[in-house]
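Heads up, protein38.cif below (mmCIF, C-alpha atoms):
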```
data_protein
loop_
_atom_site.label_atom_id
_atom_site.label_comp_id
_atom_site.auth_asym_id
_atom_site.auth_seq_id
_atom_site.Cartn_x
_atom_site.Cartn_y
_atom_site.Cartn_z
CA MET A 1 22.40 3.67 29.36
CA PHE A 2 24.76 5.85 27.30
CA GLN A 3 26.36 2.79 25.72
CA LEU A 4 22.93 1.45 24.79
CA ALA A 5 21.96 4.77 23.18
CA LEU A 6 25.23 4.84 21.24
CA LEU A 7 24.69 1.28 20.08
CA ALA A 8 21.17 2.19 18.93
CA ILE A 9 22.57 5.07 16.85
CA LEU A 10 25.28 2.85 15.35
CA ILE A 11 22.66 0.30 14.35
CA ALA A 12 20.13 2.87 13.11
CA THR A 13 22.53 4.81 10.87
CA PRO A 14 23.30 2.14 8.21
CA ILE A 15 19.72 0.88 8.31
CA THR A 16 18.37 4.39 7.71
CA PHE A 17 20.77 5.05 4.82
CA THR A 18 19.92 1.71 3.22
CA TYR A 19 16.20 2.27 3.61
CA LEU A 20 16.29 5.81 2.24
CA ASN A 21 18.53 4.73 -0.61
CA ILE A 22 16.04 2.05 -1.66
CA ARG A 23 13.10 4.44 -1.26
CA CYS A 24 14.81 7.14 -3.34
CA ASP A 25 15.60 4.61 -6.06
CA ASN A 26 12.04 3.26 -6.17
CA LEU A 27 10.43 6.69 -5.99
CA SER A 28 12.54 8.11 -8.84
CA LYS A 29 11.48 5.17 -11.02
CA ASP A 30 7.81 5.52 -10.05
CA ILE A 31 7.82 9.26 -10.84
CA ALA A 32 9.51 8.67 -14.19
CA VAL A 33 7.00 5.96 -15.10
CA ALA A 34 4.06 8.19 -14.11
CA LEU A 35 5.48 11.14 -16.06
CA ASN A 36 6.12 8.97 -19.12
CA LYS A 37 2.56 7.71 -18.94
CA THR A 38 1.14 11.23 -18.69
CA LEU A 39 3.21 12.58 -21.60
CA ASN A 40 2.38 9.57 -23.81
CA LYS A 41 -1.29 10.05 -23.05
CA ARG A 42 -1.09 13.71 -24.04
CA ILE A 43 0.80 12.88 -27.24
CA SER A 44 -1.64 10.17 -28.33
CA SER A 45 -4.55 12.56 -27.78
CA VAL A 46 -3.16 15.17 -30.21
CA LEU A 47 -1.61 13.01 -32.93
CA HIS A 48 -5.05 12.30 -34.42
CA LEU A 49 -5.67 16.05 -34.92
CA PRO A 50 -5.60 17.34 -38.51
CA GLU A 51 -2.41 18.80 -39.96
CA ASN A 52 -4.24 21.58 -41.79
CA GLN A 53 -6.95 24.04 -40.89
CA PRO A 54 -9.29 22.10 -38.54
CA ASP A 55 -12.97 21.72 -39.17
CA ALA A 56 -15.57 22.55 -36.52
CA LYS A 57 -15.61 19.04 -35.05
CA SER A 58 -11.81 18.81 -34.83
CA MET A 59 -11.68 22.24 -33.24
CA HIS A 60 -14.32 21.19 -30.72
CA ASP A 61 -12.35 18.04 -29.89
CA LEU A 62 -9.19 20.07 -29.38
CA VAL A 63 -10.85 22.60 -27.07
CA THR A 64 -12.52 19.79 -25.12
CA LEU A 65 -9.17 18.06 -24.74
CA VAL A 66 -7.53 21.17 -23.24
CA LEU A 67 -10.45 22.07 -20.97
CA SER A 68 -10.76 18.53 -19.61
CA SER A 69 -7.09 18.38 -18.63
CA ARG A 70 -5.88 19.79 -15.29
CA SER A 71 -2.32 20.23 -16.53
CA LEU A 72 -2.64 21.01 -20.23
CA ARG A 73 -2.90 24.73 -20.92
CA SER A 74 -2.89 24.81 -24.70
CA VAL A 75 -2.10 22.87 -27.88
CA ALA A 76 -0.81 24.29 -31.16
CA TYR A 77 0.18 22.89 -34.53
CA PHE A 78 2.93 24.43 -36.69
CA GLN A 79 4.45 23.65 -40.05
CA ASN A 80 7.28 25.30 -42.01
CA ASN A 81 8.16 27.35 -38.91
CA HIS A 82 4.66 28.90 -38.75
CA TYR A 83 1.75 28.16 -36.46
CA ILE A 84 -1.30 26.90 -38.38
CA TYR A 85 -3.83 26.68 -35.52
CA SER A 86 -4.26 26.23 -31.78
CA ASP A 87 -7.09 25.44 -29.39
CA ARG A 88 -7.67 29.20 -29.07
CA ASN A 89 -7.53 30.14 -32.74
CA ALA A 90 -8.50 27.96 -35.67
CA SER A 91 -6.46 30.06 -38.10
CA LEU A 92 -2.92 31.22 -37.35
CA HIS A 93 -0.12 32.47 -39.56
CA THR A 94 2.39 33.62 -36.93
CA PRO A 95 5.98 32.39 -36.97
CA ILE A 96 7.36 30.21 -34.20
CA SER A 97 10.06 31.66 -31.95
CA PRO A 98 13.71 31.65 -33.10
CA SER A 99 14.67 29.68 -30.00
CA LEU A 100 12.26 26.90 -31.00
CA ILE A 101 13.74 26.86 -34.50
CA GLU A 102 17.19 26.39 -32.98
CA ARG A 103 15.96 23.59 -30.76
CA LEU A 104 14.43 21.80 -33.73
CA LYS A 105 17.76 22.00 -35.55
CA LYS A 106 20.04 20.70 -32.80
CA ASP A 107 17.87 18.58 -30.46
CA LYS A 108 16.22 15.25 -31.01
CA LEU A 109 12.45 14.85 -30.89
CA PRO A 110 10.41 14.85 -28.80
CA LEU A 111 11.47 18.21 -27.38
CA LEU A 112 10.79 18.86 -23.73
CA TYR A 113 11.79 22.10 -22.03
CA ARG A 114 10.57 24.70 -19.54
CA LYS A 115 9.85 28.28 -20.54
CA ARG A 116 8.07 31.29 -19.09
CA SER A 117 5.11 32.43 -21.17
CA SER A 118 5.54 35.92 -22.59
CA LEU A 119 1.77 36.48 -22.47
CA ASN A 120 0.89 35.73 -18.86
CA GLN A 121 4.33 35.20 -17.25
CA ILE A 122 3.46 31.64 -16.21
CA ASP A 123 6.00 28.85 -16.44
CA GLU A 124 5.11 26.17 -18.96
CA LEU A 125 6.53 22.85 -20.07
CA HIS A 126 6.77 22.74 -23.83
CA LEU A 127 6.43 19.30 -25.39
CA VAL A 128 7.02 19.20 -29.14
CA VAL A 129 6.33 16.01 -31.12
CA LYS A 130 6.51 15.26 -34.85
CA GLY A 131 3.43 14.73 -36.91
CA THR A 132 3.34 13.52 -40.52
CA LYS A 133 4.26 16.89 -42.00
CA GLY A 134 4.47 19.37 -39.14
CA PHE A 135 4.76 19.48 -35.36
CA TYR A 136 2.38 19.48 -32.41
CA GLN A 137 3.30 21.71 -29.47
CA LEU A 138 1.75 21.07 -26.05
CA PHE A 139 1.90 23.73 -23.36
CA ILE A 140 1.73 22.12 -19.91
CA ASN A 141 1.13 24.03 -16.68
CA ALA A 142 4.55 23.91 -14.93
CA PRO A 143 3.35 25.06 -11.45
CA TYR A 144 0.76 22.26 -11.51
CA MET A 145 3.53 19.76 -12.29
CA ASP A 146 5.67 21.28 -9.52
CA ASP A 147 2.87 20.69 -7.00
CA TRP A 148 2.33 17.18 -8.32
CA LEU A 149 5.97 16.28 -7.80
CA THR A 150 6.12 17.95 -4.37
CA ASN A 151 3.18 15.84 -3.20
CA ALA A 152 4.48 12.62 -4.72
CA ASP A 153 5.87 11.57 -1.33
CA GLU A 154 5.28 12.76 2.23
CA TYR A 155 8.92 12.45 3.25
CA LEU A 156 11.25 12.53 0.25
CA ARG A 157 11.49 15.29 -2.34
CA GLY A 158 12.66 15.38 -5.94
CA TYR A 159 12.95 17.36 -9.15
CA VAL A 160 13.11 16.69 -12.89
CA VAL A 161 15.77 18.01 -15.25
CA THR A 162 16.51 17.68 -18.95
CA ASN A 163 19.45 15.64 -20.12
CA ASN A 164 21.37 18.94 -20.26
CA GLY A 165 20.62 19.63 -16.60
CA ASN A 166 18.01 22.35 -17.13
CA ILE A 167 15.09 22.33 -14.70
CA LEU A 168 11.80 20.90 -15.94
CA ILE A 169 9.75 20.29 -12.80
CA ASN A 170 10.30 21.70 -9.31
CA LYS A 171 13.39 23.49 -8.05
CA LYS A 172 16.81 21.97 -7.57
CA LYS A 173 17.53 20.95 -3.99
CA SER A 174 20.63 20.13 -2.00
CA TYR A 175 20.56 16.51 -0.88
CA LEU A 176 22.82 14.53 1.39
CA PHE A 177 22.45 11.71 -1.12
CA HIS A 178 20.12 11.06 -4.05
CA LYS A 179 19.13 8.59 -6.75
CA SER A 180 18.30 9.44 -10.37
CA TYR A 181 16.36 7.68 -13.08
CA HIS A 182 16.62 8.46 -16.83
CA SER A 183 13.56 8.19 -19.02
CA ALA A 184 14.06 6.00 -22.08
CA GLN A 185 11.26 7.76 -23.98
CA PHE A 186 11.74 11.42 -23.19
CA PRO A 187 14.74 13.70 -22.61
CA PHE A 188 14.53 13.98 -18.82
CA LYS A 189 15.73 12.36 -15.64
CA VAL A 190 14.11 12.28 -12.21
CA ILE A 191 16.27 13.00 -9.15
CA VAL A 192 14.99 12.06 -5.69
CA GLY A 193 16.99 12.50 -2.51
CA ALA A 194 17.01 13.17 1.21
CA LYS A 195 18.27 16.28 2.97
CA SER A 196 20.59 16.13 5.96
CA SER A 197 17.73 17.04 8.30
CA GLN A 198 15.59 14.23 6.90
CA VAL A 199 18.40 11.70 7.31
CA LEU A 200 19.07 12.82 10.88
CA LEU A 201 15.36 12.66 11.66
CA GLY A 202 15.19 9.14 10.27
CA ILE A 203 18.25 8.02 12.23
CA GLY A 204 16.89 9.61 15.41
CA ALA A 205 13.48 8.02 15.08
CA LEU A 206 14.89 4.57 14.34
CA ALA A 207 17.53 4.88 17.08
CA ALA A 208 14.81 5.81 19.58
CA PHE A 209 12.79 2.78 18.51
CA ILE A 210 15.82 0.48 18.82
CA PHE A 211 16.70 2.00 22.20
CA ILE A 212 13.17 1.47 23.54
CA LEU A 213 13.11 -2.05 22.10
CA CYS A 214 16.45 -2.89 23.73
CA MET A 215 15.25 -1.46 27.03
CA LEU A 216 12.13 -3.62 26.84
CA ILE A 217 14.25 -6.66 26.07
CA VAL A 218 16.53 -5.87 29.02
CA LEU A 219 13.51 -5.45 31.30
CA ILE A 220 12.02 -8.72 30.08
CA ILE A 221 15.31 -10.52 30.62
CA ASN A 222 15.61 -9.03 34.09
CA TYR A 223 12.06 -10.03 34.84
CA ILE A 224 12.69 -13.58 33.68
CA GLN A 225 15.90 -13.76 35.67
CA THR A 226 14.17 -12.36 38.74
CA ASN A 227 11.15 -14.62 38.55
CA ASN A 228 12.68 -17.82 37.23
CA PHE A 229 14.47 -19.48 40.17
CA SER A 230 14.89 -22.90 38.59
CA PHE A 231 18.35 -22.12 37.30
CA LYS A 232 21.03 -23.86 39.28
CA LYS A 233 23.56 -21.10 38.73
CA ASP A 234 21.19 -18.52 40.29
CA ILE A 235 20.94 -20.57 43.49
CA ASP A 236 24.67 -21.22 43.59
CA ARG A 237 25.36 -17.53 43.13
CA ALA A 238 22.81 -16.59 45.80
CA ILE A 239 24.36 -18.97 48.34
CA LYS A 240 27.85 -17.74 47.52
CA ASN A 241 26.80 -14.09 47.84
CA ASN A 242 24.79 -14.60 51.05
CA GLU A 243 21.57 -13.53 49.40
CA PHE A 244 19.50 -15.87 51.60
CA ILE A 245 18.76 -13.91 54.76
CA PHE A 246 17.23 -14.95 58.06
CA TYR A 247 14.05 -14.01 59.85
CA TYR A 248 13.24 -15.26 63.37
CA GLN A 249 9.52 -15.41 64.05
CA PRO A 250 8.88 -15.45 67.83
CA ILE A 251 7.06 -18.34 69.47
CA VAL A 252 5.04 -16.99 72.45
CA CYS A 253 3.65 -18.99 75.40
CA ASN A 254 -0.12 -18.46 75.59
CA GLN A 255 -0.01 -18.64 79.41
CA THR A 256 2.98 -16.50 80.35
CA HIS A 257 2.98 -14.44 77.15
CA GLN A 258 6.77 -14.81 77.15
CA ILE A 259 8.86 -15.54 74.09
CA ILE A 260 10.06 -19.11 74.54
CA GLY A 261 11.46 -19.80 71.09
CA ALA A 262 11.50 -18.83 67.44
CA GLU A 263 10.93 -20.27 63.99
CA LEU A 264 13.78 -19.82 61.53
CA LEU A 265 12.46 -18.42 58.25
CA CYS A 266 14.28 -17.67 55.02
CA ARG A 267 13.94 -14.91 52.47
CA TRP A 268 15.86 -14.35 49.26
CA LEU A 269 17.35 -10.89 48.87
CA TYR A 270 17.78 -11.30 45.14
CA ARG A 271 21.01 -9.65 44.02
CA HIS A 272 20.79 -7.66 47.27
CA ALA A 273 18.08 -5.55 45.68
CA GLN A 274 14.73 -7.33 45.69
CA LEU A 275 13.22 -9.31 48.57
CA ILE A 276 11.66 -12.56 47.38
CA SER A 277 9.16 -14.49 49.54
CA PRO A 278 9.53 -18.28 50.06
CA ASN A 279 6.48 -19.23 48.00
CA GLN A 280 8.31 -17.96 44.91
CA PHE A 281 11.42 -20.12 45.28
CA ILE A 282 11.12 -22.83 47.96
CA THR A 283 9.37 -25.35 45.70
CA LYS A 284 11.92 -24.86 42.97
CA VAL A 285 14.98 -25.15 45.20
CA GLU A 286 13.45 -28.28 46.76
CA SER A 287 12.97 -29.83 43.32
CA ASN A 288 16.58 -29.27 42.25
CA GLY A 289 18.09 -30.29 45.63
CA LYS A 290 19.44 -26.85 46.49
CA ILE A 291 17.28 -26.65 49.62
CA LYS A 292 19.88 -28.74 51.46
CA PRO A 293 22.88 -26.36 51.19
CA ILE A 294 20.52 -23.46 51.93
CA THR A 295 19.35 -25.16 55.14
CA LEU A 296 22.92 -25.90 56.21
CA HIS A 297 23.76 -22.28 55.52
CA LEU A 298 20.86 -21.23 57.77
CA LEU A 299 22.02 -23.54 60.54
CA LYS A 300 25.52 -22.10 60.44
CA GLN A 301 24.10 -18.62 60.84
CA LEU A 302 21.80 -19.83 63.61
CA SER A 303 24.82 -21.09 65.57
CA ILE A 304 25.98 -17.47 65.68
CA ASP A 305 22.61 -15.83 66.24
CA LYS A 306 21.18 -18.11 68.91
CA LEU A 307 23.25 -16.64 71.73
CA LEU A 308 21.94 -13.20 70.78
CA ILE A 309 18.25 -14.11 70.52
CA ALA A 310 18.01 -16.56 73.46
CA HIS A 311 18.56 -13.83 76.10
CA CYS A 312 20.23 -16.25 78.54
CA ASN A 313 17.18 -18.54 78.42
CA LYS A 314 18.59 -22.06 78.40
CA ASP A 315 15.19 -23.46 77.38
CA PHE A 316 14.95 -21.19 74.33
CA TYR A 317 14.59 -23.26 71.17
CA VAL A 318 14.47 -22.63 67.45
CA SER A 319 12.25 -24.55 65.01
CA ILE A 320 13.60 -25.33 61.56
CA ASN A 321 11.56 -26.55 58.58
CA VAL A 322 12.84 -29.61 56.73
CA THR A 323 11.39 -31.85 54.04
CA LEU A 324 11.00 -35.62 53.92
CA SER A 325 13.55 -35.84 51.15
CA MET A 326 16.08 -34.09 53.36
CA LEU A 327 15.47 -36.51 56.25
CA ASN A 328 15.72 -39.44 53.84
CA ASP A 329 19.19 -38.29 52.71
CA PRO A 330 21.81 -39.90 55.03
CA ARG A 331 24.50 -37.53 53.83
CA PHE A 332 22.42 -34.48 54.69
CA VAL A 333 21.53 -35.91 58.13
CA ASP A 334 25.23 -36.60 58.80
CA ASP A 335 26.08 -33.01 57.80
CA VAL A 336 23.47 -31.66 60.25
CA ILE A 337 24.72 -33.87 63.09
CA LEU A 338 28.31 -32.81 62.45
CA LEU A 339 27.28 -29.14 62.39
CA ILE A 340 25.49 -29.52 65.75
CA LYS A 341 28.53 -31.23 67.26
CA GLN A 342 30.79 -28.43 66.09
CA ASN A 343 28.43 -25.72 67.41
CA PRO A 344 27.29 -26.26 71.03
CA THR A 345 24.74 -23.46 70.72
CA LEU A 346 22.73 -25.75 68.46
#
```

Take the structure in the file and write it out as structure tokens.
Amino acid sequence: MFQLALLAILIATPITFTYLNIRCDNLSKDIAVALNKTLNKRISSVLHLPENQPDAKSMHDLVTLVLSSRSLRSVAYFQNNHYIYSDRNASLHTPISPSLIERLKKDKLPLLYRKRSSLNQIDELHLVVKGTKGFYQLFINAPYMDDWLTNADEYLRGYVVTNNGNILINKKKSYLFHKSYHSAQFPFKVIVGAKSSQVLLGIGALAAFIFILCMLIVLIINYIQTNNFSFKKDIDRAIKNNEFIFYYQPIVCNQTHQIIGAELLCRWLYRHAQLISPNQFITKVESNGKIKPITLHLLKQLSIDKLLIAHCNKDFYVSINVTLSMLNDPRFVDDVILLIKQNPTL
């Protein structure tokens, strides 16, 4: 049992690692593709906005865009390092932050980074894309994106970082192993992995399944071996190991009610553990010819037992069942005659 459990663990471990490795790889790609699609959709929705003071219709379209989005918190347009307008104010003349100016100087567009809002202390993803003259800045709800990534898979977990390693979505986690996928369109990479506890849980679950499956296979094999008596080697082994045991059924006189004889019956004590009745094996051993050595084996035992069961009754007899094929076999008949000659009790 212990060896079987150990074998199940040894089999389950590489399978689990391979499976999780493939799942992590596929999930990181799927998340990156979904995130690319979302960001591209947001960018295409703002690039048609005017690059000057918006009119009433454009302002209405911008507000509708923000309100209809579950993740988009705000959109602003700036030019010459000054905001021109946003969805909350159609006329702005405030300068952009010095940190954004530095990013525009040293980083490639589009810009994508995480920052805590100074107004409401909520984390936001800032996505900055180039227009014809100025820049569009999208403020995306970071906690919403964190929840989205957390719920991307029931079992595995991941996070998104910039190419510099700064967190964009979700918190960094310690993984036993992980897979990463770099976006070709935006400056981020998705990292998906499995913790030690998750790996151990996976190995344990698969090992338990393999163990139960092996046990079922063993039980099925044992059942087949126990119930399939057509195999010659099973009969040979049973004869060699004295698994065929003897039962003497009394024959009683209906007048004196005395035991005057007995019928010799055979049972198979399979592997000395399970008692098998004749109807489960007699036909099969007759068909493969093994009934003859079994009968001779019974006769040899009878030569020993008869003195014990006859109780000094010289007329005591024992009936033995034989088949026509046995009586038609001269060699078998000769063996029986020789056995009787060698054993006067018979």

(request) Could you state which residues are captured by the PyMOL selection byres ((chain A and resi 146) around 10) in this file, as a ChimeraX atom specification? (result) /A:141-145,147-152,158-160,168-171

(request) Would you kindly translate the PyMOL selection byres ((chain A and resi 74-91) around 6) into the concrete residues it picks from this file, as an MDAnalysis selection string? (result) chainID A and resid 62:63 72:73 92:96 134:139

(request) Give me the residues within 9 Å of Glu263 in chain A as an MDAnalysis selection string, counting all atoms listed in the file and dropping any in the same chain fewer than 4 places off. (result) chainID A and resid 247:251 317:321

(request) Name every residue that the PyMOL selection byres ((chain A and resi 191) around 10) selects in this structure, writing the answer as an NGL selection string with chains first and numbers rising. (result) :A and (24-25 or 27-29 or 31-32 or 157-161 or 172-173 or 175 or 178-182 or 188-190 or 192-193)

(message) One decimal, in Å: what's the spacing between CA of Ser325 in chain A and CA of Leu269 in chain A?
(response)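 One can read the CA of Ser325 in chain A to CA of Leu269 in chain A distance as 25.3 Å.
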
(message) With distances taken over all atoms listed in the file, which residue among A:Leu4, A:Leu119, A:Leu216, A:Leu176 lies nearest Leu20 in chain A?
(response) A:Leu176

(request) Work out how far apart CA of Leu200 in chain A and CA of Ile9 in chain A are and give it in Å to one decimal. (result)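 CA of Ile9 in chain A lies at a distance of 10.4 Å from CA of Leu200 in chain A.
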
Take range 120-136 of chain A, bring it up to N, CA, C and O atoms, and give me the output as an mmCIF file, keeping the file's coordinate frame.
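Final output, rebuild-v8.cif:
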```
data_model
loop_
_atom_site.group_PDB
_atom_site.id
_atom_site.type_symbol
_atom_site.label_atom_id
_atom_site.label_comp_id
_atom_site.auth_asym_id
_atom_site.auth_seq_id
_atom_site.Cartn_x
_atom_site.Cartn_y
_atom_site.Cartn_z
ATOM 1 N N ASN A 120 1.409 35.641 -20.225
ATOM 2 C CA ASN A 120 0.890 35.730 -18.860
ATOM 3 C C ASN A 120 1.945 35.482 -17.788
ATOM 4 O O ASN A 120 1.610 35.384 -16.609
ATOM 5 N N GLN A 121 3.203 35.370 -18.197
ATOM 6 C CA GLN A 121 4.330 35.200 -17.250
ATOM 7 C C GLN A 121 4.152 33.980 -16.352
ATOM 8 O O GLN A 121 4.491 33.994 -15.177
ATOM 9 N N ILE A 122 3.616 32.905 -16.920
ATOM 10 C CA ILE A 122 3.460 31.640 -16.210
ATOM 11 C C ILE A 122 4.407 30.618 -16.807
ATOM 12 O O ILE A 122 4.511 30.492 -18.031
ATOM 13 N N ASP A 123 5.093 29.889 -15.953
ATOM 14 C CA ASP A 123 6.000 28.850 -16.440
ATOM 15 C C ASP A 123 5.217 27.728 -17.096
ATOM 16 O O ASP A 123 4.176 27.285 -16.580
ATOM 17 N N GLU A 124 5.750 27.255 -18.227
ATOM 18 C CA GLU A 124 5.110 26.170 -18.960
ATOM 19 C C GLU A 124 6.159 25.141 -19.374
ATOM 20 O O GLU A 124 7.327 25.473 -19.586
ATOM 21 N N LEU A 125 5.707 23.892 -19.452
ATOM 22 C CA LEU A 125 6.530 22.850 -20.070
ATOM 23 C C LEU A 125 6.094 22.747 -21.531
ATOM 24 O O LEU A 125 4.910 22.592 -21.820
ATOM 25 N N HIS A 126 7.063 22.844 -22.405
ATOM 26 C CA HIS A 126 6.770 22.740 -23.830
ATOM 27 C C HIS A 126 7.166 21.345 -24.297
ATOM 28 O O HIS A 126 8.332 20.944 -24.182
ATOM 29 N N LEU A 127 6.192 20.629 -24.840
ATOM 30 C CA LEU A 127 6.430 19.300 -25.390
ATOM 31 C C LEU A 127 6.138 19.357 -26.887
ATOM 32 O O LEU A 127 5.011 19.627 -27.292
ATOM 33 N N VAL A 128 7.154 19.113 -27.686
ATOM 34 C CA VAL A 128 7.020 19.200 -29.140
ATOM 35 C C VAL A 128 7.240 17.808 -29.722
ATOM 36 O O VAL A 128 8.282 17.173 -29.480
ATOM 37 N N VAL A 129 6.234 17.328 -30.501
ATOM 38 C CA VAL A 129 6.330 16.010 -31.120
ATOM 39 C C VAL A 129 6.076 16.151 -32.621
ATOM 40 O O VAL A 129 5.401 17.084 -33.083
ATOM 41 N N LYS A 130 6.598 15.199 -33.385
ATOM 42 C CA LYS A 130 6.510 15.260 -34.850
ATOM 43 C C LYS A 130 5.233 14.605 -35.341
ATOM 44 O O LYS A 130 4.848 13.527 -34.877
ATOM 45 N N GLY A 131 4.549 15.304 -36.214
ATOM 46 C CA GLY A 131 3.430 14.730 -36.910
ATOM 47 C C GLY A 131 3.899 14.173 -38.251
ATOM 48 O O GLY A 131 5.085 13.891 -38.448
ATOM 49 N N THR A 132 2.960 14.028 -39.185
ATOM 50 C CA THR A 132 3.340 13.520 -40.520
ATOM 51 C C THR A 132 4.111 14.575 -41.307
ATOM 52 O O THR A 132 5.153 14.302 -41.901
ATOM 53 N N LYS A 133 3.619 15.809 -41.256
ATOM 54 C CA LYS A 133 4.260 16.890 -42.000
ATOM 55 C C LYS A 133 4.818 17.960 -41.067
ATOM 56 O O LYS A 133 5.891 18.500 -41.314
ATOM 57 N N GLY A 134 4.062 18.288 -40.027
ATOM 58 C CA GLY A 134 4.470 19.370 -39.140
ATOM 59 C C GLY A 134 4.712 18.872 -37.710
ATOM 60 O O GLY A 134 5.076 17.711 -37.485
ATOM 61 N N PHE A 135 4.454 19.773 -36.758
ATOM 62 C CA PHE A 135 4.760 19.480 -35.360
ATOM 63 C C PHE A 135 3.583 19.910 -34.464
ATOM 64 O O PHE A 135 2.942 20.937 -34.716
ATOM 65 N N TYR A 136 3.353 19.123 -33.441
ATOM 66 C CA TYR A 136 2.380 19.480 -32.410
ATOM 67 C C TYR A 136 3.141 19.982 -31.192
ATOM 68 O O TYR A 136 4.118 19.373 -30.753
#
```
